[in-house]
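Quick notes on the structure that follows.
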Amino acid sequence: MPAIKGHCACGKVRYESSASEPAFTGVCHCKDCQRHSGSAFNVVVAVPAATLSIEGELKTYESKGDSGKSVFRKFCPNCGSTITSEAEATPGLSIIRVGTLDDTSWVKPAMQIYCEAMQPWVSLGGEMQSFPKMPG
C-alpha cells in the first residue's frame, strides 16, 4: 500500500500518517458531508490520530453530529480544502478526505454510512457494508 500522505489544493497544508493501513475506509452520505463537500458524499480513510503529522496552519469548524457530540472539521484557511475531521464519537481517529491523498489508487471503501440520506440517484458499485446511520 502506498504511503498515506497528501495535501490541500494550494499546497500550504501537507500531512502524512505513519499508519501501515487505515483503521477503516468508507463513504459518508450524511447531509453535513454533502454540504461540506459540495457533492453527494465524502470518501474517507481513518487513521489513528497519533500517527498523523500535519505541516501548515489549519482552521477548525465545530458542529454537532446526530449523537449530539462535536465534530471538528479541519481545513486550509487559504484554499478551503478540508483535510481531516475528528469526532468525539470516534475518539483517537483522524478522518482524512480521500481527495486530498497524493495517491488514491489503493483506496477501496469497505462501508457506506448514513445511507438514509443518500441522494436517490447515487448507486455505488463494489461490495460495501451499508448502514442507515453510523454503525455502533
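Residue numbering restarts at 1 for every chain of the C-alpha cells, chains are lettered A, B, ... in their displayed order, and ligands are numbered from 1 as they appear.
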
For the structure I just gave you, how does DSSP split chain A - specifically, which residues are helix (DSSP H, G or I)? Reply as a PyMOL selection string.
chain A and resi 31-37+49-51+98-100+115-117

Would you put the residues from that selection into a file with N, CA and C atoms, as an mmCIF file, in the first residue's frame?
```
data_model
loop_
_atom_site.group_PDB
_atom_site.id
_atom_site.type_symbol
_atom_site.label_atom_id
_atom_site.label_comp_id
_atom_site.auth_asym_id
_atom_site.auth_seq_id
_atom_site.Cartn_x
_atom_site.Cartn_y
_atom_site.Cartn_z
ATOM 1 N N LYS A 31 -25.986 14.529 5.533
ATOM 2 C CA LYS A 31 -26.242 15.877 4.995
ATOM 3 C C LYS A 31 -25.086 16.832 5.272
ATOM 4 N N ASP A 32 -24.425 16.701 6.440
ATOM 5 C CA ASP A 32 -23.279 17.565 6.724
ATOM 6 C C ASP A 32 -22.152 17.319 5.730
ATOM 7 N N CYS A 33 -21.856 16.056 5.436
ATOM 8 C CA CYS A 33 -20.802 15.759 4.453
ATOM 9 C C CYS A 33 -21.196 16.269 3.068
ATOM 10 N N GLN A 34 -22.472 16.185 2.741
ATOM 11 C CA GLN A 34 -22.927 16.719 1.454
ATOM 12 C C GLN A 34 -22.680 18.228 1.400
ATOM 13 N N ARG A 35 -23.014 18.924 2.470
ATOM 14 C CA ARG A 35 -22.814 20.379 2.497
ATOM 15 C C ARG A 35 -21.336 20.755 2.478
ATOM 16 N N HIS A 36 -20.536 20.054 3.273
ATOM 17 C CA HIS A 36 -19.114 20.401 3.373
ATOM 18 C C HIS A 36 -18.337 20.035 2.115
ATOM 19 N N SER A 37 -18.762 18.984 1.427
ATOM 20 C CA SER A 37 -18.039 18.575 0.213
ATOM 21 C C SER A 37 -18.584 19.258 -1.036
ATOM 22 N N ALA A 49 -5.138 9.041 15.248
ATOM 23 C CA ALA A 49 -4.715 10.445 15.303
ATOM 24 C C ALA A 49 -3.244 10.577 15.676
ATOM 25 N N ALA A 50 -2.750 9.688 16.514
ATOM 26 C CA ALA A 50 -1.352 9.761 16.951
ATOM 27 C C ALA A 50 -0.365 9.491 15.817
ATOM 28 N N THR A 51 -0.837 8.892 14.713
ATOM 29 C CA THR A 51 0.053 8.581 13.584
ATOM 30 C C THR A 51 0.088 9.690 12.544
ATOM 31 N N VAL A 98 -10.306 11.561 1.148
ATOM 32 C CA VAL A 98 -9.566 10.817 0.133
ATOM 33 C C VAL A 98 -9.091 11.719 -0.997
ATOM 34 N N GLY A 99 -9.862 12.730 -1.366
ATOM 35 C CA GLY A 99 -9.475 13.622 -2.454
ATOM 36 C C GLY A 99 -8.203 14.400 -2.192
ATOM 37 N N THR A 100 -7.747 14.442 -0.933
ATOM 38 C CA THR A 100 -6.510 15.158 -0.607
ATOM 39 C C THR A 100 -5.287 14.245 -0.621
ATOM 40 N N CYS A 115 -26.783 6.018 4.900
ATOM 41 C CA CYS A 115 -27.423 5.707 3.617
ATOM 42 C C CYS A 115 -28.857 6.223 3.551
ATOM 43 N N GLU A 116 -29.475 6.481 4.709
ATOM 44 C CA GLU A 116 -30.823 7.046 4.703
ATOM 45 C C GLU A 116 -30.839 8.451 4.089
ATOM 46 N N ALA A 117 -29.693 9.128 4.053
ATOM 47 C CA ALA A 117 -29.590 10.467 3.459
ATOM 48 C C ALA A 117 -28.974 10.434 2.061
#
```

Would you list the contacts of Gln119 (chain A) as a PDB file with N, CA and C atoms, in the first residue's frame, taking every protein, DNA or RNA residue within 8 Å and counting only C-alpha atoms, but skipping same-chain residues closer than 2 positions in sequence?
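What landed in around.pdb:
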```pdb
ATOM      1  N   HIS A  29     -22.713   9.535   3.509  1.00  0.00           N
ATOM      2  CA  HIS A  29     -23.775  10.212   2.765  1.00  0.00           C
ATOM      3  C   HIS A  29     -24.541  11.221   3.620  1.00  0.00           C
ATOM      4  N   ALA A  40     -22.386  14.730  -3.338  1.00  0.00           N
ATOM      5  CA  ALA A  40     -23.388  13.821  -2.805  1.00  0.00           C
ATOM      6  C   ALA A  40     -22.889  13.018  -1.611  1.00  0.00           C
ATOM      7  N   ALA A 117     -29.693   9.128   4.053  1.00  0.00           N
ATOM      8  CA  ALA A 117     -29.590  10.467   3.459  1.00  0.00           C
ATOM      9  C   ALA A 117     -28.974  10.434   2.061  1.00  0.00           C
ATOM     10  N   TRP A 121     -30.255   9.307  -6.711  1.00  0.00           N
ATOM     11  CA  TRP A 121     -29.619   8.965  -7.981  1.00  0.00           C
ATOM     12  C   TRP A 121     -28.235   8.348  -7.816  1.00  0.00           C
ATOM     13  N   VAL A 122     -27.778   8.199  -6.539  1.00  0.00           N
ATOM     14  CA  VAL A 122     -26.463   7.609  -6.279  1.00  0.00           C
ATOM     15  C   VAL A 122     -26.582   6.099  -6.174  1.00  0.00           C
TER      16      VAL A 122
END
```

CA of Val45 (chain A) to CA of Trp106 (chain A), straight-line distance in Å:
10.9 Å

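Restricting the calculation to only C-alpha atoms, the smallest distance between Thr104 (chain A) and any of A:Thr25, A:Ser123, A:Ser39, A:Ser67 is found for A:Thr25.
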
Quick one: everything within 10 Å of Thr82 (chain A), counting only C-alpha atoms, minus sequence neighbours fewer than 6 positions away in the same chain. Send it as JSON, numbers by chain.
{"A": [7, 8, 9, 36, 37, 58, 59, 60, 61, 73, 74, 75, 76, 96, 97, 99, 100]}

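Minimum distance to Ala110 (chain A) across A:Val27, A:Ala89, A:Ile54, A:Val71 (counting only C-alpha atoms) occurs at A:Val27.
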
Expected answer as a count of residues only: strand (DSSP E) residues in region 34-108 of chain A
34

Just the residues within 10 Å of Glu21 (chain A), please, counting only C-alpha atoms, with nothing from its chain fewer than 6 positions along; format it as a PyMOL selection string.
chain A and resi 1-4+45-48

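Nearest-residue note for Cys28 (chain A): choosing from A:Ala87, A:Leu124, A:Val107, A:Val44, the minimum distance belongs to A:Val44, counting only C-alpha atoms.
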
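Nearest-residue note for Gly65 (chain A): choosing from A:Glu127, A:Met118, A:Thr90, A:Gly11, the minimum distance belongs to A:Thr90, counting only C-alpha atoms.
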
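Comparing the minimum interatomic distances between Ser18 (chain A) and each of A:Asp66, A:Val43, A:Leu52, A:Gly6, counting only C-alpha atoms, we find that A:Leu52 sits nearest.
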